[in-house]
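Shown next: data-v6.cif, containing mmCIF, C-alpha atoms.
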```cif
data_data
loop_
_atom_site.label_atom_id
_atom_site.label_comp_id
_atom_site.auth_asym_id
_atom_site.auth_seq_id
_atom_site.Cartn_x
_atom_site.Cartn_y
_atom_site.Cartn_z
CA MET I 29 35.92 -7.55 -36.54
CA ALA I 30 33.64 -4.94 -35.02
CA ALA I 31 30.11 -4.53 -36.40
CA TYR I 32 30.74 -0.79 -36.90
CA GLU I 33 33.95 0.99 -37.90
CA PHE I 34 34.66 4.49 -36.64
CA ASN I 35 36.09 5.81 -39.90
CA LYS I 36 33.10 4.58 -41.91
CA LEU I 37 30.72 6.20 -39.44
CA LYS I 38 32.76 9.39 -39.63
CA LYS I 39 32.12 9.49 -43.38
CA LYS I 40 28.43 8.63 -42.94
CA TYR I 41 27.94 11.47 -40.48
CA ARG I 42 29.89 14.01 -42.57
CA MET I 43 32.89 14.32 -40.25
CA PHE I 44 30.56 14.79 -37.26
CA GLN I 45 29.55 18.28 -38.34
CA GLN I 46 26.19 19.78 -37.30
CA PRO I 47 24.90 17.49 -34.52
CA ILE I 48 21.11 17.26 -34.62
CA ALA I 49 18.22 15.98 -32.54
CA VAL I 50 15.04 14.87 -34.28
CA LEU I 51 12.04 14.82 -31.97
CA ARG I 52 8.56 13.44 -32.61
CA MET I 53 5.83 13.77 -30.02
CA ALA I 54 2.29 12.47 -30.41
CA ASP I 55 3.41 11.40 -33.93
CA LYS I 56 4.16 15.02 -34.88
CA ASP I 57 7.55 16.58 -35.60
CA VAL I 58 8.65 19.09 -32.98
CA GLY I 59 11.25 21.56 -34.19
CA GLY I 60 12.13 22.64 -37.67
CA LYS I 61 11.12 25.90 -39.32
CA ASN I 62 7.75 26.22 -37.60
CA GLY I 63 8.58 24.31 -34.46
CA TYR I 64 10.36 24.92 -31.18
CA PRO I 65 14.13 25.06 -30.68
CA ILE I 66 15.27 21.91 -28.81
CA SER I 67 18.34 21.73 -26.60
CA ASP I 68 19.88 20.01 -23.58
CA VAL I 69 18.93 16.55 -24.89
CA GLU I 70 19.92 13.67 -22.63
CA ILE I 71 19.01 10.04 -23.31
CA ASP I 72 19.97 7.61 -20.56
CA LEU I 73 19.86 4.07 -21.96
CA THR I 74 20.49 0.95 -19.90
CA CYS I 75 20.26 -2.82 -20.27
CA GLY I 76 19.79 -3.10 -16.52
CA TYR I 77 16.50 -3.48 -14.70
CA GLU I 78 15.88 0.25 -14.31
CA ALA I 79 13.95 2.19 -16.94
CA SER I 80 15.60 4.12 -19.75
CA VAL I 81 14.77 7.83 -19.61
CA ALA I 82 15.13 10.92 -21.76
CA GLY I 83 14.89 14.66 -21.24
CA PHE I 84 15.02 17.77 -23.40
CA SER I 85 14.23 21.48 -23.24
CA LEU I 86 11.85 23.43 -25.48
CA TYR I 87 12.55 27.13 -26.11
CA ASN I 88 10.59 30.01 -27.70
CA VAL I 89 7.76 29.17 -25.32
CA TYR I 90 7.90 32.33 -23.16
CA ASN I 91 6.44 35.74 -23.97
CA LYS I 92 8.64 38.47 -22.48
CA GLN I 93 5.99 41.14 -23.06
CA THR I 94 3.40 39.36 -20.94
CA ASP I 95 5.92 37.52 -18.74
CA CYS I 96 4.00 34.30 -19.28
CA PHE I 97 4.57 30.90 -20.82
CA GLU I 98 2.54 30.64 -23.99
CA VAL I 99 1.19 27.11 -23.94
CA THR I 100 -0.76 27.06 -27.18
CA ASP I 101 -3.13 24.28 -28.22
CA ARG I 102 -0.39 22.97 -30.50
CA LEU I 103 2.17 22.88 -27.71
CA LYS I 104 -0.27 21.23 -25.32
CA LYS I 105 -0.33 18.17 -27.59
CA TYR I 106 3.44 17.92 -27.44
CA ILE I 107 3.90 18.23 -23.70
CA ALA I 108 0.84 16.28 -22.58
CA LEU I 109 1.61 13.69 -19.94
CA GLY I 110 1.51 10.26 -21.55
CA ALA I 111 2.27 11.59 -25.05
CA LYS I 112 4.31 9.30 -27.28
CA THR I 113 7.91 10.48 -27.59
CA GLU I 114 10.57 9.47 -30.12
CA ILE I 115 14.09 10.93 -30.19
CA ALA I 116 16.77 10.40 -32.81
CA LEU I 117 20.31 11.82 -32.73
CA GLY I 118 22.92 12.19 -35.41
CA TYR I 119 24.61 14.69 -37.68
CA GLY I 120 23.49 16.74 -40.67
CA SER I 121 20.75 14.80 -42.47
CA PHE I 122 21.50 11.47 -40.74
CA ALA I 123 19.82 10.72 -37.41
CA GLU I 124 19.16 7.32 -35.85
CA LEU I 125 16.32 6.50 -33.46
CA LEU I 126 17.53 6.05 -29.89
CA PHE I 127 14.52 6.41 -27.61
CA VAL I 128 10.81 5.59 -27.67
CA GLY I 129 8.65 6.25 -24.62
CA VAL I 130 6.00 8.47 -23.06
CA VAL I 131 6.08 11.87 -21.35
CA THR I 132 6.14 11.43 -17.58
CA ARG I 133 7.03 14.93 -16.36
CA VAL I 134 6.80 18.55 -17.56
CA SER I 135 8.65 21.40 -15.80
CA TYR I 136 8.34 25.12 -16.49
CA ARG I 137 11.69 26.77 -15.81
CA TYR I 138 12.38 30.45 -15.38
CA ASP I 139 15.58 32.19 -14.30
CA ALA I 140 16.30 35.91 -14.74
CA ASP I 141 19.77 35.06 -16.07
CA GLU I 142 18.68 32.22 -18.36
CA ILE I 143 16.31 31.75 -21.27
CA PRO I 144 12.98 30.38 -19.96
CA CYS I 145 12.13 26.91 -21.20
CA ILE I 146 9.92 23.90 -20.70
CA ARG I 147 11.79 20.78 -19.61
CA VAL I 148 10.17 17.53 -20.69
CA SER I 149 11.06 14.12 -19.26
CA ALA I 150 10.06 10.78 -20.75
CA MET I 151 10.38 7.12 -19.76
CA ASP I 152 10.21 3.87 -21.69
CA VAL I 153 7.49 1.23 -21.25
CA LYS I 154 8.84 0.24 -17.84
CA GLY I 155 7.37 3.42 -16.44
CA VAL I 156 3.88 2.19 -17.39
CA MET I 157 4.63 -1.29 -16.07
CA MET I 158 5.55 0.07 -12.63
CA ALA I 159 1.96 1.12 -11.92
CA GLY I 160 -0.37 -1.15 -9.98
CA SER I 161 0.12 -4.21 -7.82
CA TYR I 162 -1.39 -7.60 -8.53
CA ALA I 163 -1.82 -10.96 -6.82
CA ARG I 164 -2.98 -13.45 -9.41
CA GLN I 165 -2.35 -16.89 -10.80
CA LEU I 166 -1.12 -16.77 -14.38
CA THR I 167 -1.94 -19.47 -16.90
CA ALA I 168 1.68 -19.75 -18.04
CA ALA I 169 3.70 -22.75 -16.85
CA SER I 170 7.12 -21.12 -17.39
CA TYR I 171 8.54 -17.70 -16.63
CA SER I 172 9.16 -16.78 -20.28
CA GLU I 173 5.54 -17.66 -21.12
CA ALA I 174 4.43 -15.64 -18.09
CA VAL I 175 6.34 -12.61 -19.39
CA LYS I 176 4.65 -13.03 -22.79
CA GLU I 177 1.28 -13.32 -21.04
CA ILE I 178 1.82 -10.07 -19.18
CA LEU I 179 3.01 -8.20 -22.28
CA LYS I 180 -0.14 -9.29 -24.15
CA ARG I 181 -2.39 -7.39 -21.75
CA SER I 182 -4.56 -4.67 -23.22
CA ALA I 183 -2.43 -1.75 -22.00
CA TYR I 184 0.69 -3.04 -23.73
CA ALA I 185 -1.23 -4.26 -26.78
CA ALA I 186 -2.49 -0.70 -27.21
CA MET I 187 1.06 0.66 -26.88
CA LEU I 188 2.23 -1.85 -29.48
CA SER I 189 -0.50 -0.86 -31.92
CA ASN I 190 0.26 2.87 -31.66
CA GLY I 191 4.04 2.49 -31.81
CA MET I 192 4.92 3.28 -28.20
CA ILE I 193 6.28 -0.26 -28.22
CA ARG I 194 7.91 -1.14 -31.56
CA GLY I 195 8.28 -4.86 -30.87
CA ILE I 196 8.53 -7.57 -28.20
CA GLN I 197 11.23 -10.26 -28.12
CA VAL I 198 11.07 -12.85 -25.34
CA THR I 199 13.65 -15.65 -25.16
CA ASP I 200 12.56 -18.94 -23.56
CA THR I 201 13.72 -19.45 -19.98
CA PRO I 202 15.24 -22.80 -18.95
CA ASP I 203 12.04 -23.87 -17.18
CA GLN I 204 10.30 -23.86 -20.57
CA SER I 205 11.62 -27.41 -21.13
CA VAL I 206 10.23 -28.80 -17.84
CA PRO I 207 7.48 -31.39 -18.57
CA VAL I 208 3.86 -30.30 -18.11
CA PRO I 209 1.82 -31.90 -15.30
CA ALA I 210 0.91 -35.54 -15.76
CA GLU I 211 -2.62 -36.50 -16.80
CA GLY I 212 -5.00 -35.61 -14.04
CA GLY I 213 -2.92 -32.63 -12.91
CA THR I 214 -4.10 -29.04 -13.17
CA VAL I 215 -2.58 -25.91 -14.61
CA THR I 216 -1.92 -24.65 -11.10
CA ASP I 217 0.48 -27.54 -10.54
CA ARG I 218 2.95 -25.65 -12.70
CA SER I 219 1.53 -22.21 -13.39
CA VAL I 220 3.38 -19.08 -12.27
CA GLU I 221 1.98 -16.72 -9.67
CA MET I 222 2.22 -12.97 -9.18
CA ALA I 223 2.44 -12.13 -5.49
CA ALA I 224 1.38 -8.54 -4.74
CA GLU I 225 3.71 -7.03 -7.32
CA SER I 226 3.52 -4.83 -10.40
CA ASP I 227 4.07 -6.13 -13.91
CA TYR I 228 7.50 -4.50 -13.80
CA GLU I 229 8.45 -6.16 -10.51
CA PHE I 230 7.33 -9.56 -11.74
CA VAL I 231 9.30 -9.39 -15.00
CA VAL I 232 12.39 -8.16 -13.15
CA ARG I 233 12.01 -11.05 -10.70
CA ALA I 234 11.79 -13.49 -13.60
CA ALA I 235 14.87 -11.95 -15.22
CA ARG I 236 16.92 -12.13 -12.03
CA ARG I 237 15.95 -15.77 -11.54
CA TYR I 238 17.70 -16.88 -14.73
CA ASN I 239 20.24 -14.08 -15.25
CA TYR I 240 18.18 -12.54 -18.04
CA GLU I 241 18.09 -8.92 -19.19
CA PHE I 242 14.88 -6.93 -19.38
CA TYR I 243 15.11 -3.60 -21.19
CA THR I 244 14.09 -1.71 -24.32
CA GLU I 245 16.23 -1.01 -27.35
CA CYS I 246 14.84 1.78 -29.53
CA GLY I 247 11.32 0.85 -28.47
CA VAL I 248 11.71 -2.93 -28.74
CA VAL I 249 11.11 -4.75 -25.44
CA LEU I 250 13.79 -7.41 -24.84
CA PHE I 251 13.67 -10.25 -22.33
CA ARG I 252 16.73 -12.36 -23.06
CA LYS I 253 19.70 -14.16 -21.57
CA ALA I 254 22.28 -11.69 -20.28
CA LYS I 255 25.13 -10.89 -22.66
CA ALA I 256 23.49 -12.92 -25.41
CA ASP I 257 25.30 -11.00 -28.18
CA LYS I 258 28.99 -11.90 -27.89
CA GLY I 259 30.11 -9.94 -30.95
CA ILE I 260 32.12 -6.71 -30.74
CA ARG I 261 29.90 -3.78 -31.72
CA MET I 262 32.55 -1.04 -31.73
CA GLU I 263 36.28 -0.64 -31.21
CA ILE I 264 37.17 2.55 -29.40
CA SER I 265 40.55 4.17 -28.89
CA PRO I 266 42.09 7.65 -28.54
CA GLU I 267 42.21 7.71 -32.37
CA SER I 268 38.52 6.87 -32.68
CA GLY I 269 36.79 9.40 -30.47
CA LEU I 270 37.78 8.28 -26.96
CA TYR I 271 37.99 11.53 -24.99
CA HIS I 272 38.67 10.30 -21.48
CA PHE I 273 38.30 7.07 -19.54
CA ASP I 274 38.57 5.34 -16.19
CA ILE I 275 39.31 1.62 -16.41
CA SER I 276 39.81 -0.31 -13.20
CA TYR I 277 40.08 -3.86 -11.88
CA ASP I 278 38.97 -4.84 -8.40
CA VAL I 279 38.93 -8.25 -6.70
CA THR I 280 36.76 -7.00 -3.84
CA GLY I 281 33.64 -9.14 -3.62
CA LEU I 282 34.90 -11.82 -6.02
CA VAL I 283 34.84 -15.46 -4.96
CA ASN I 284 36.12 -18.73 -6.36
CA LYS I 285 32.86 -20.63 -5.95
CA VAL I 286 29.13 -20.09 -5.50
CA THR I 287 26.81 -22.64 -3.88
CA VAL I 288 23.02 -22.44 -4.04
CA ARG I 289 20.98 -24.57 -1.65
CA ALA I 290 17.27 -25.30 -1.60
CA THR I 291 14.82 -27.90 -0.35
CA ASP I 292 12.99 -30.53 -2.36
CA ALA I 293 9.76 -30.60 -0.33
CA GLY I 294 8.48 -33.70 -2.10
CA LYS I 295 11.53 -35.76 -1.22
CA ALA I 296 12.26 -33.93 2.04
CA LYS I 297 15.93 -33.40 1.25
CA VAL I 298 18.38 -30.58 0.64
CA ILE I 299 19.46 -29.95 -2.95
CA SER I 300 22.41 -27.79 -3.99
CA SER I 301 24.46 -26.74 -7.01
CA LYS I 302 27.87 -25.13 -7.38
CA ALA I 303 29.41 -22.81 -9.97
CA LYS I 304 33.11 -22.04 -10.24
CA ASN I 305 34.64 -18.74 -11.25
CA GLN I 306 36.45 -19.26 -14.54
CA ALA I 307 37.01 -15.61 -15.37
CA SER I 308 40.32 -14.51 -16.89
CA LEU I 309 42.17 -13.33 -13.79
CA PRO I 310 45.94 -12.94 -13.28
CA GLY I 311 47.66 -15.67 -11.24
CA LYS I 312 48.03 -13.67 -8.03
CA ALA I 313 44.35 -12.71 -8.07
CA LYS I 314 43.34 -16.35 -8.54
CA ALA I 315 45.54 -17.33 -5.61
CA LEU I 316 43.93 -14.63 -3.50
CA LEU I 317 40.46 -16.06 -4.18
CA LYS I 318 41.44 -19.69 -3.60
CA GLY I 319 38.98 -21.42 -1.30
CA SER I 320 36.56 -18.47 -1.17
CA GLU I 321 32.86 -19.28 -1.47
CA LYS I 322 29.44 -17.69 -1.20
CA VAL I 323 26.46 -19.77 -0.16
CA TYR I 324 22.91 -18.70 -1.06
CA ILE I 325 19.64 -20.16 0.20
CA ASP I 326 16.95 -20.00 -2.49
CA ALA I 327 13.52 -21.00 -1.21
CA SER I 328 11.99 -20.67 -4.68
CA ALA I 329 14.17 -23.41 -6.23
CA ASP I 330 12.74 -26.92 -6.10
CA SER I 331 15.07 -29.00 -8.27
CA PRO I 332 18.80 -29.47 -9.02
CA GLU I 333 18.20 -27.80 -12.37
CA GLU I 334 16.77 -24.70 -10.70
CA THR I 335 19.64 -24.40 -8.22
CA GLY I 336 22.07 -24.92 -11.11
CA TYR I 337 20.58 -22.06 -13.13
CA ARG I 338 20.68 -19.84 -10.07
CA ALA I 339 24.30 -20.70 -9.23
CA ASP I 340 25.45 -19.97 -12.78
CA ALA I 341 23.58 -16.67 -12.81
CA LEU I 342 25.04 -15.52 -9.49
CA MET I 343 28.54 -16.54 -10.51
CA GLU I 344 28.38 -14.61 -13.76
CA ASN I 345 27.14 -11.48 -12.01
CA ILE I 346 29.93 -11.72 -9.44
CA SER I 347 32.59 -12.31 -12.11
CA TYR I 348 31.54 -9.22 -14.06
CA ARG I 349 32.36 -7.03 -11.07
CA TYR I 350 36.06 -7.50 -11.77
CA GLY I 351 36.64 -4.94 -14.50
CA SER I 352 34.85 -1.62 -14.95
CA LEU I 353 34.83 1.05 -17.62
CA GLU I 354 33.66 4.64 -17.54
CA CYS I 355 34.46 6.78 -20.53
CA GLU I 356 33.28 9.61 -22.75
CA VAL I 357 33.35 9.16 -26.51
CA GLN I 358 32.41 10.95 -29.71
CA GLY I 359 28.64 11.03 -29.99
CA LEU I 360 27.38 8.17 -32.13
CA PRO I 361 23.86 6.67 -32.12
CA GLU I 362 25.46 3.24 -32.62
CA TYR I 363 26.61 3.19 -28.99
CA LEU I 364 23.95 1.15 -27.21
CA PRO I 365 23.87 -0.89 -24.00
CA GLY I 366 23.65 -4.66 -24.30
CA TYR I 367 26.73 -5.07 -26.52
CA PHE I 368 30.47 -5.57 -26.14
CA VAL I 369 33.00 -2.92 -27.15
CA LYS I 370 36.74 -3.30 -27.49
CA VAL I 371 38.99 -0.66 -25.93
CA SER I 372 42.37 -0.52 -27.64
CA GLY I 373 45.41 1.70 -28.12
CA ILE I 374 45.76 2.47 -24.42
CA GLY I 375 48.26 -0.21 -23.45
CA GLY I 376 48.71 -2.69 -20.63
CA ASN I 377 45.66 -4.36 -19.15
CA ALA I 378 43.54 -1.29 -19.95
CA ASP I 379 43.05 -2.71 -23.46
CA ASN I 380 40.10 -5.04 -23.00
CA GLN I 381 36.59 -6.00 -24.02
CA PHE I 382 33.76 -4.53 -21.95
CA TYR I 383 30.05 -5.24 -21.86
CA ILE I 384 28.21 -1.91 -22.06
CA THR I 385 25.51 -1.64 -19.41
CA ARG I 386 24.71 2.06 -19.81
CA ALA I 387 25.02 4.68 -22.55
CA VAL I 388 24.09 8.30 -21.86
CA HIS I 389 23.73 10.35 -25.06
CA ARG I 390 24.01 14.12 -24.57
CA LEU I 391 23.47 16.97 -27.01
CA SER I 392 24.44 20.05 -25.00
CA LYS I 393 23.43 23.70 -25.32
CA ASP I 394 26.62 24.44 -27.23
CA GLY I 395 25.76 21.78 -29.81
CA ARG I 396 28.30 19.17 -28.68
CA TYR I 397 27.23 15.53 -28.98
CA THR I 398 28.96 13.04 -26.67
CA VAL I 399 28.19 9.65 -25.12
CA LYS I 400 29.12 8.48 -21.64
CA LEU I 401 29.61 4.70 -21.50
CA GLU I 402 29.65 2.38 -18.51
CA GLY I 403 30.73 -1.23 -18.90
CA ARG I 404 31.89 -4.38 -17.13
CA ALA I 405 34.48 -7.09 -17.77
CA CYS I 406 35.04 -10.48 -16.13
CA GLY I 407 38.73 -10.68 -17.03
CA GLU I 408 41.71 -8.84 -18.45
CA ASN I 409 42.84 -8.62 -22.08
CA GLY I 410 39.69 -9.89 -23.74
CA GLY I 411 38.41 -12.23 -21.08
CA SER I 412 35.02 -10.54 -20.85
CA ALA I 413 33.64 -11.60 -24.20
CA ASP I 414 34.39 -15.23 -23.54
CA GLY I 415 31.73 -15.33 -20.85
CA ILE I 416 31.58 -17.82 -18.01
CA ILE I 417 32.06 -21.48 -18.84
#
```

Now that the file is in, can you turn its structure into structure tokens?
Amino acid sequence: MAAYEFNKLKKKYRMFQQPIAVLRMADKDVGGKNGYPISDVEIDLTCGYEASVAGFSLYNVYNKQTDCFEVTDRLKKYIALGAKTEIALGYGSFAELLFVGVVTRVSYRYDADEIPCIRVSAMDVKGVMMAGSYARQLTAASYSEAVKEILKRSAYAAMLSNGMIRGIQVTDTPDQSVPVPAEGGTVTDRSVEMAAESDYEFVVRAARRYNYEFYTECGVVLFRKAKADKGIRMEISPESGLYHFDISYDVTGLVNKVTVRATDAGKAKVISSKAKNQASLPGKAKALLKGSEKVYIDASADSPEETGYRADALMENISYRYGSLECEVQGLPEYLPGYFVKVSGIGGNADNQFYITRAVHRLSKDGRYTVKLEGRACGENGGSADGII
């Protein structure tokens, strides 16, 4: 059973009448009776390695008599670069938080045929993490501890205290269970190193190493195993707000087996691990892939366990290229990346379970609220939620 039911949400949001956007900037409400009309809201959420971003337009900011933008002291606080930004979407009196970040760009837009406005763009914490480049030895002996160490730095601690980050959840990586150095060893025998990279680049590298996800959900920073939540969040169909869709299956780039090779310098020997594709594919597709293999050389791996983790991660990523979903649905704040949805009522192999990797929430000028979803599946007819064995 899905975590959310369309008909119950329809009742909650009063039959989807009166779409609304609730905006808070620098901890102050923007809009309302004494505020600024807000329109063209777009919130691009992803569970991928890129940052989640948001944009919106502010109106009633241009004086036609003086032909100038009136940037008052009050408005300056709202559009200041680096200002905390929170956006919630919904209907009537019900709006759910979707985005927390900081202002990264302000554009003043004027067109003789359009209403002048100020366009504001914001980015989640990843935008801050992209700044700088460091080469340093961390004290952490595992990648998950290294991620925690980075996110404890003063810049992020300050963001956590003022609400720009609403929480941090870091799941242990497999190397967390590797024994610490024997007596007489030093922390550098196991500690993790940053090599001329930003905080963002390091955490992404750590996530790729173990097939982890690194993204924010409503302001909460997540570093976790990919597709960790196997439950179905929503079931969507033509009867439950599915406007249009493109569902496709493609065997291009799929393989039957992945092999990862590395070198154990201490023992002067080659080590390798294999992972087999066990996705739910039709018989002819399986036959087509028979005997196919991809071999990767990973210089950073130094044990059979490390090559095993890497092989499993690569195989899962390859398998989830098989099925793809692009669709537009009724606007609901409950549509978030990082969860499975079930597409039904279409027929054939189009009915399937897809892992949502991107959700773009749009509240247009005409007041229409829609969500564009992008997702992936590793098999047909429900194979995606079973994962890779």

**OP:** To verify the selection step, state as JSON, numbers by chain which residues the PyMOL selection byres ((chain I and resi 58) around 12) yields on this input.
**Re:** {"I": [49, 50, 51, 52, 53, 54, 55, 56, 57, 59, 60, 61, 62, 63, 64, 65, 66, 67, 84, 85, 86, 87, 102, 103, 104, 105, 106, 107, 113, 114, 115, 116]}

Original post:
So which one's closest to I:Ala159, I:Glu225, I:Leu309, I:Leu353, I:Gly191? Using all atoms listed in the file, please.
Top reply: I:Glu225

List the residues sitting within 12 Å of (31.7, 9.7, -41.4) in the file's frame, using only C-alpha atoms, as a PDB file with C-alpha atoms, in the coordinates of the input.
```
ATOM      1  CA  TYR I  32      30.740  -0.790 -36.900  1.00  0.00           C
ATOM      2  CA  GLU I  33      33.950   0.990 -37.900  1.00  0.00           C
ATOM      3  CA  PHE I  34      34.660   4.490 -36.640  1.00  0.00           C
ATOM      4  CA  ASN I  35      36.090   5.810 -39.900  1.00  0.00           C
ATOM      5  CA  LYS I  36      33.100   4.580 -41.910  1.00  0.00           C
ATOM      6  CA  LEU I  37      30.720   6.200 -39.440  1.00  0.00           C
ATOM      7  CA  LYS I  38      32.760   9.390 -39.630  1.00  0.00           C
ATOM      8  CA  LYS I  39      32.120   9.490 -43.380  1.00  0.00           C
ATOM      9  CA  LYS I  40      28.430   8.630 -42.940  1.00  0.00           C
ATOM     10  CA  TYR I  41      27.940  11.470 -40.480  1.00  0.00           C
ATOM     11  CA  ARG I  42      29.890  14.010 -42.570  1.00  0.00           C
ATOM     12  CA  MET I  43      32.890  14.320 -40.250  1.00  0.00           C
ATOM     13  CA  PHE I  44      30.560  14.790 -37.260  1.00  0.00           C
ATOM     14  CA  GLN I  45      29.550  18.280 -38.340  1.00  0.00           C
ATOM     15  CA  GLY I 118      22.920  12.190 -35.410  1.00  0.00           C
ATOM     16  CA  TYR I 119      24.610  14.690 -37.680  1.00  0.00           C
ATOM     17  CA  GLY I 120      23.490  16.740 -40.670  1.00  0.00           C
ATOM     18  CA  PHE I 122      21.500  11.470 -40.740  1.00  0.00           C
ATOM     19  CA  SER I 268      38.520   6.870 -32.680  1.00  0.00           C
ATOM     20  CA  GLN I 358      32.410  10.950 -29.710  1.00  0.00           C
ATOM     21  CA  GLY I 359      28.640  11.030 -29.990  1.00  0.00           C
ATOM     22  CA  LEU I 360      27.380   8.170 -32.130  1.00  0.00           C
TER      23      LEU I 360
END
```

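Non-sequential neighbours of I:Arg137 (distance at most 10 Å, separation of 3 or more positions within a chain, all atoms listed in the file) are Ser85, Tyr90, Phe97, Val134, Glu142, Ile143, Pro144, Cys145, Ile146 and Arg147 of chain I.
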
Original post:
Once the PyMOL selection byres ((chain I and resi 307) around 6) has been applied to the shown file, what residues remain in the selection, as an NGL selection string?
Top reply: :I and (305-306 or 308-309 or 406-407)

Original post:
Which is closest to I:Lys285 among I:Ser301, I:Thr335, I:Thr199, I:Gln93, if we use all atoms listed in the file?
Top reply: I:Ser301

Where does the PyMOL selection byres ((chain I and resi 327) around 9) land in this file, that is, which residues does it pick, as an mmCIF file with C-alpha atoms, keeping the file's coordinate frame?
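File written: expr28.cif
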```cif
data_model
loop_
_atom_site.group_PDB
_atom_site.id
_atom_site.type_symbol
_atom_site.label_atom_id
_atom_site.label_comp_id
_atom_site.auth_asym_id
_atom_site.auth_seq_id
_atom_site.Cartn_x
_atom_site.Cartn_y
_atom_site.Cartn_z
ATOM 1 C CA ARG I 289 20.980 -24.570 -1.650
ATOM 2 C CA ALA I 290 17.270 -25.300 -1.600
ATOM 3 C CA THR I 291 14.820 -27.900 -0.350
ATOM 4 C CA ILE I 325 19.640 -20.160 0.200
ATOM 5 C CA ASP I 326 16.950 -20.000 -2.490
ATOM 6 C CA SER I 328 11.990 -20.670 -4.680
ATOM 7 C CA ALA I 329 14.170 -23.410 -6.230
ATOM 8 C CA ASP I 330 12.740 -26.920 -6.100
#
```

**OP:** Find, counting only C-alpha atoms, the residue in I:Pro361, I:Gly129, I:Pro266, I:Gly155 that gets nearest to I:Val248.
**Re:** I:Gly129

Original post:
atom CA of I:Ala303 and atom CA of I:Val232, how far apart in Å?
Top reply: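 The value is 22.7 Å.
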
Original post:
Between I:Leu117, I:Ala30, I:Ala82, I:Ala405, which one has atoms that come closest to I:Glu344, using all atoms listed in the file?
Top reply: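 Closest candidate: I:Ala405.
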
**OP:** Work out how far apart atom CA of I:Gly376 and atom CA of I:Gly351 are and give it in Å to one decimal.
**Re:**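 Spanning atom CA of I:Gly376 to atom CA of I:Gly351 is a straight-line distance of 13.7 Å.
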
**OP:** Extract, using all atoms listed in the file, all DNA, RNA and protein residues at most 12 Å from I:Tyr184, discarding same-chain residues fewer than 2 positions from it, and format them as an MDAnalysis selection string.
**Re:** chainID I and resid 152:157 175:182 186:196 227 249

Prev. selection, C-alpha atoms, output as a short mmCIF file (atom, residue, chain, number, x, y, z; two decimals), in the frame of the given file:
```cif
data_model
loop_
_atom_site.label_atom_id
_atom_site.label_comp_id
_atom_site.auth_asym_id
_atom_site.auth_seq_id
_atom_site.Cartn_x
_atom_site.Cartn_y
_atom_site.Cartn_z
CA ASP I 152 10.21 3.87 -21.69
CA VAL I 153 7.49 1.23 -21.25
CA LYS I 154 8.84 0.24 -17.84
CA GLY I 155 7.37 3.42 -16.44
CA VAL I 156 3.88 2.19 -17.39
CA MET I 157 4.63 -1.29 -16.07
CA VAL I 175 6.34 -12.61 -19.39
CA LYS I 176 4.65 -13.03 -22.79
CA GLU I 177 1.28 -13.32 -21.04
CA ILE I 178 1.82 -10.07 -19.18
CA LEU I 179 3.01 -8.20 -22.28
CA LYS I 180 -0.14 -9.29 -24.15
CA ARG I 181 -2.39 -7.39 -21.75
CA SER I 182 -4.56 -4.67 -23.22
CA ALA I 186 -2.49 -0.70 -27.21
CA MET I 187 1.06 0.66 -26.88
CA LEU I 188 2.23 -1.85 -29.48
CA SER I 189 -0.50 -0.86 -31.92
CA ASN I 190 0.26 2.87 -31.66
CA GLY I 191 4.04 2.49 -31.81
CA MET I 192 4.92 3.28 -28.20
CA ILE I 193 6.28 -0.26 -28.22
CA ARG I 194 7.91 -1.14 -31.56
CA GLY I 195 8.28 -4.86 -30.87
CA ILE I 196 8.53 -7.57 -28.20
CA ASP I 227 4.07 -6.13 -13.91
CA VAL I 249 11.11 -4.75 -25.44
#
```

**OP:** Quick one: everything within 6 Å of I:Glu241, counting all atoms listed in the file, minus sequence neighbours fewer than 2 positions away in the same chain. Send it as a ChimeraX atom specification.
**Re:** /I:235,251-254

Hey, could you pull the box centre and edge lengths for stretch 304-321 of chain I, axis-aligned, 8 Å padding per side, all listed atoms, to one decimal in Å, as AutoDock Vina command-line options?
```
--center_x 40.4 --center_y -17.4 --center_z -9.0 --size_x 31.2 --size_y 25.3 --size_z 31.7
```

**OP:** Please determine the residues with any atom at most 9 Å from (4.5, 12.4, -20.0) (coordinates as given in the file, with all atoms listed in the file counting) and report them as a list of chain:residue names.
**Re:**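 Applying the cut-off with all atoms listed in the file, one gets I:Ile107, I:Ala108, I:Leu109, I:Gly110, I:Ala111, I:Lys112, I:Thr113, I:Gly129, I:Val130, I:Val131, I:Thr132, I:Arg133, I:Val134, I:Val148, I:Ser149, I:Ala150, I:Met151.
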
Export of stretch 191-195 of chain I: N, CA and C atoms, as a PDB file, in the first residue's frame:
```
ATOM      1  N   GLY I 191      18.893  27.471  10.856  1.00  0.00           N
ATOM      2  CA  GLY I 191      17.803  26.833  10.121  1.00  0.00           C
ATOM      3  C   GLY I 191      18.010  26.702   8.627  1.00  0.00           C
ATOM      4  N   MET I 192      19.139  27.166   8.094  1.00  0.00           N
ATOM      5  CA  MET I 192      19.403  26.956   6.674  1.00  0.00           C
ATOM      6  C   MET I 192      19.621  25.467   6.372  1.00  0.00           C
ATOM      7  N   ILE I 193      20.089  24.757   7.370  1.00  0.00           N
ATOM      8  CA  ILE I 193      20.106  23.294   7.358  1.00  0.00           C
ATOM      9  C   ILE I 193      19.212  22.856   8.502  1.00  0.00           C
ATOM     10  N   ARG I 194      18.215  22.015   8.235  1.00  0.00           N
ATOM     11  CA  ARG I 194      17.243  21.620   9.252  1.00  0.00           C
ATOM     12  C   ARG I 194      17.609  20.301   9.935  1.00  0.00           C
ATOM     13  N   GLY I 195      18.659  19.648   9.436  1.00  0.00           N
ATOM     14  CA  GLY I 195      19.086  18.395  10.035  1.00  0.00           C
ATOM     15  C   GLY I 195      20.138  17.726   9.175  1.00  0.00           C
TER      16      GLY I 195
END
```
